[in-house]
Amino acid sequence: KNQVEQSPQSLIILEGKNCTLQCNYTVSPFSNLRWYKQDTGRGPVSLTIMTFSENTKSNGRYTATLDADTKQSSLHITASQLSDSASYICVVPRLNGQNFVFGPGTRLSVLP
Amino acid sequence: DTEVTQTPKHLVMGMTNKKSLKCEQHMGHRAMYWYKQKAKKPPELMFVYSYEKLSINESVPSRFSPECPNSSLLNLHLHALQPEDSALYLCASSQQRAGTGGSGELFFGEGSRLTVL
């Protein structure tokens with residue numbers, strides 16, 4: 001079954017600390033995985049895309065990893081800021097379908 | 001700023017009202033989507049249009065009626081809604097629908113917050 005799971009469900013950290021969010025998928029065939037950030041009440045915004053052949057990619061303080069063998073991805077946030085408080089959603093397109101499979105998201109709260 | 005524009009940002013309607021949500025994109029994308037999102041949940045797919053034709057209807061009740069007048073516009077007509085339909089309605093577009101090439105990136109609008117009284 002084509003699914004995307006994320007952990008933890010929610011996370012609270014102090015400003016300046018690092019954190020890592022996890023995404024496991026069973027979508028097959030697989031081509032890429034995206035991490036989106038969604039601020040409360042707003043639309044999701046793409047942070048990064050991981051394709052089948054990529055292992056690590058950085059975008060500022062965000063670093064994503066992908067292990068296509070174990071079907072796992074992670075999003076590491078360095079030196080967190082209050083503005084990082086949001087939901088982070090892992091999304092995988094269905095190549096033999098017409099839509100995208102969404103993970104349930106991780107709600108991150110960064111406290112001062 | 002998002003390149004997918006949704007109007008209105010907020011809508012309050014009674015159960016007997018008829019209203020519409022509108023979405024516009026000028027990125028030349030050929031796939032457009034409507035998602036419904038409840039609080040603390042991921043977006044749930046409602047409809048997909050590909051090349052202006054409805055390609056997916058996720059068993060959405062008929063009180064929701066989508067329309068794609070042209071490749072840049074997507075509407076969602078609302079009639080006789082229920083209070084449980086209150087949610088954030090997100091429009092998105094992608095270069096092409098998943099599985100047919102392109103980068104597979106969904107571009108979302110800011111959403112329309114719907115409250116049904």
# chains A, B, ... in the order shown; residues from 1 in each chain; ligands from 1
$ closest_atom_pairs --of "region 44-116 of chain B" --to "region 39-43 of chain A" --cutoff "6 Å" --atoms "only C-alpha atoms" --output "CSV"
residue,atom,partner,partner_atom,distance
B:Phe108,CA,A:Gly43,CA,5.5
B:Gly109,CA,A:Gly43,CA,5.6
B:Glu110,CA,A:Gly43,CA,4.4
B:Gly111,CA,A:Gly43,CA,5.9
$ closest_atom_pairs --of "chain A" --to "chain B" --cutoff "7 Å" --atoms "only C-alpha atoms" --output "CSV"
residue,atom,partner,partner_atom,distance
A:Arg42,CA,B:Glu110,CA,4.9
A:Gly43,CA,B:Glu110,CA,4.4
A:Pro44,CA,B:Phe108,CA,6.1
A:Val45,CA,B:Phe108,CA,7.0
A:Pro93,CA,B:Ala98,CA,5.6
A:Arg94,CA,B:Ala98,CA,6.0
A:Leu95,CA,B:Gly99,CA,3.7
A:Asn96,CA,B:Gly99,CA,5.6
A:Gly97,CA,B:Gly99,CA,6.1
A:Gln98,CA,B:Ala98,CA,4.8
A:Asn99,CA,B:Ala98,CA,5.4
A:Phe100,CA,B:Ala98,CA,6.8
A:Phe102,CA,B:Pro42,CA,6.7
A:Gly103,CA,B:Pro42,CA,6.9
A:Pro104,CA,B:Pro42,CA,5.3
A:Gly105,CA,B:Pro42,CA,6.4
$ write_last_selection --atoms "N, CA and C atoms" --output "short mmCIF file (atom, residue, chain, number, x, y, z; two decimals), in the first residue's frame"
data_model
loop_
_atom_site.label_atom_id
_atom_site.label_comp_id
_atom_site.auth_asym_id
_atom_site.auth_seq_id
_atom_site.Cartn_x
_atom_site.Cartn_y
_atom_site.Cartn_z
N ARG A 42 -1.82 28.64 6.70
CA ARG A 42 -1.29 29.03 5.39
C ARG A 42 -1.03 27.79 4.55
N GLY A 43 -0.75 27.98 3.26
CA GLY A 43 -0.49 26.85 2.39
C GLY A 43 0.92 26.31 2.58
N PRO A 44 1.13 25.02 2.33
CA PRO A 44 2.48 24.43 2.44
C PRO A 44 3.42 25.03 1.40
N VAL A 45 4.70 25.12 1.78
CA VAL A 45 5.74 25.62 0.89
C VAL A 45 6.86 24.58 0.82
N PRO A 93 5.17 11.67 -4.75
CA PRO A 93 4.22 11.53 -5.86
C PRO A 93 4.05 10.07 -6.24
N ARG A 94 2.83 9.71 -6.65
CA ARG A 94 2.56 8.36 -7.13
C ARG A 94 2.80 8.33 -8.63
N LEU A 95 3.80 7.60 -9.04
CA LEU A 95 4.13 7.58 -10.46
C LEU A 95 3.07 6.87 -11.28
N ASN A 96 2.46 5.85 -10.70
CA ASN A 96 1.43 5.14 -11.44
C ASN A 96 0.04 5.58 -11.02
N GLY A 97 -0.03 6.74 -10.46
CA GLY A 97 -1.32 7.34 -10.10
C GLY A 97 -1.33 8.76 -10.59
N GLN A 98 -2.21 9.55 -10.08
CA GLN A 98 -2.29 10.93 -10.53
C GLN A 98 -2.13 11.91 -9.39
N ASN A 99 -1.79 11.40 -8.22
CA ASN A 99 -1.78 12.31 -7.11
C ASN A 99 -0.54 12.10 -6.26
N PHE A 100 -0.56 12.72 -5.13
CA PHE A 100 0.57 12.73 -4.23
C PHE A 100 0.15 12.12 -2.90
N PHE A 102 0.59 12.13 1.01
CA PHE A 102 1.03 13.02 2.07
C PHE A 102 1.27 12.24 3.36
N GLY A 103 2.34 12.58 4.06
CA GLY A 103 2.50 12.10 5.43
C GLY A 103 1.61 12.92 6.35
N PRO A 104 1.44 12.46 7.59
CA PRO A 104 0.58 13.16 8.55
C PRO A 104 1.19 14.44 9.09
N GLY A 105 2.49 14.62 8.86
CA GLY A 105 3.15 15.84 9.33
C GLY A 105 3.72 15.72 10.73
#
$ closest_residue --among "A:Val101, A:Ile89, A:Lys17, A:Ile77" --to "Ser46 (chain A)" --atoms "only C-alpha atoms"
A:Ile89
$ residues_around --residues "Cys68 (chain B)" --least-positions-apart "3" --cutoff "12 Å" --atoms "only C-alpha atoms" --output "list in words"
Leu21, Lys22, Cys23, Glu24, Gln25, Arg30, Ala31, Met32, Tyr33, Trp34, Phe47, Val48, Tyr49, Ser50, Tyr51, Glu52, Lys53, Leu54, Ser55, Ser65, Ser71, Ser72, Leu73, Leu74, Asn75, Leu76 and His77 of chain B
$ residues_around --residues "Leu111 (chain A)" --least-positions-apart "5" --cutoff "8 Å" --atoms "only C-alpha atoms" --output "PyMOL selection string"
chain A and resi 12-15+82
$ write_last_selection --atoms "N, CA and C atoms" --output "PDB file, in the first residue's frame"
ATOM      1  N   ILE A  12       8.743  19.666  20.618  1.00  0.00           N
ATOM      2  CA  ILE A  12       8.959  20.984  21.209  1.00  0.00           C
ATOM      3  C   ILE A  12      10.449  21.112  21.540  1.00  0.00           C
ATOM      4  N   ILE A  13      11.061  22.160  21.038  1.00  0.00           N
ATOM      5  CA  ILE A  13      12.486  22.381  21.323  1.00  0.00           C
ATOM      6  C   ILE A  13      12.702  23.851  21.679  1.00  0.00           C
ATOM      7  N   LEU A  14      13.849  24.123  22.266  1.00  0.00           N
ATOM      8  CA  LEU A  14      14.192  25.494  22.589  1.00  0.00           C
ATOM      9  C   LEU A  14      14.926  26.139  21.425  1.00  0.00           C
ATOM     10  N   GLU A  15      14.723  27.408  21.282  1.00  0.00           N
ATOM     11  CA  GLU A  15      15.387  28.183  20.245  1.00  0.00           C
ATOM     12  C   GLU A  15      16.897  27.954  20.282  1.00  0.00           C
ATOM     13  N   LEU A  82      12.509  30.775  16.139  1.00  0.00           N
ATOM     14  CA  LEU A  82      11.082  30.802  16.460  1.00  0.00           C
ATOM     15  C   LEU A  82      10.235  30.631  15.205  1.00  0.00           C
TER      16      LEU A  82
END
$ residues_around --residues "region 49-51 of chain A" --least-positions-apart "2" --cutoff "6 Å" --atoms "only C-alpha atoms" --output "PyMOL selection string"
chain A and resi 31-34+53-54
$ select_by_dssp --residues "region 44-90 of chain B" --states "strand (DSSP E or B)" --output "MDAnalysis selection string"
chainID B and resid 44:50 53:57 64:70 73:79 87:90
$ residues_around --residues "Lys19 (chain B)" --least-positions-apart "2" --cutoff "10 Å" --atoms "only C-alpha atoms" --output "PyMOL selection string"
chain B and resi 11-14+16-17+21+76-81
$ atom_distance --atom1 "CA of Ala68 (chain A)" --atom2 "CA of Ser94 (chain B)"
24.0 Å
$ residues_around --residues "Gln6 (chain A)" --least-positions-apart "4" --cutoff "12 Å" --atoms "only C-alpha atoms" --output "list in words"
Ser10, Leu11, Thr20, Leu21, Gln22, Cys23, Asn24, Tyr25, Thr26, Trp35, Gln72, Ser73, Ser74, Leu75, Ser87, Tyr88, Ile89, Cys90, Val91, Phe102, Gly103, Pro104, Gly105, Thr106 and Arg107 of chain A; Pro42 of chain B
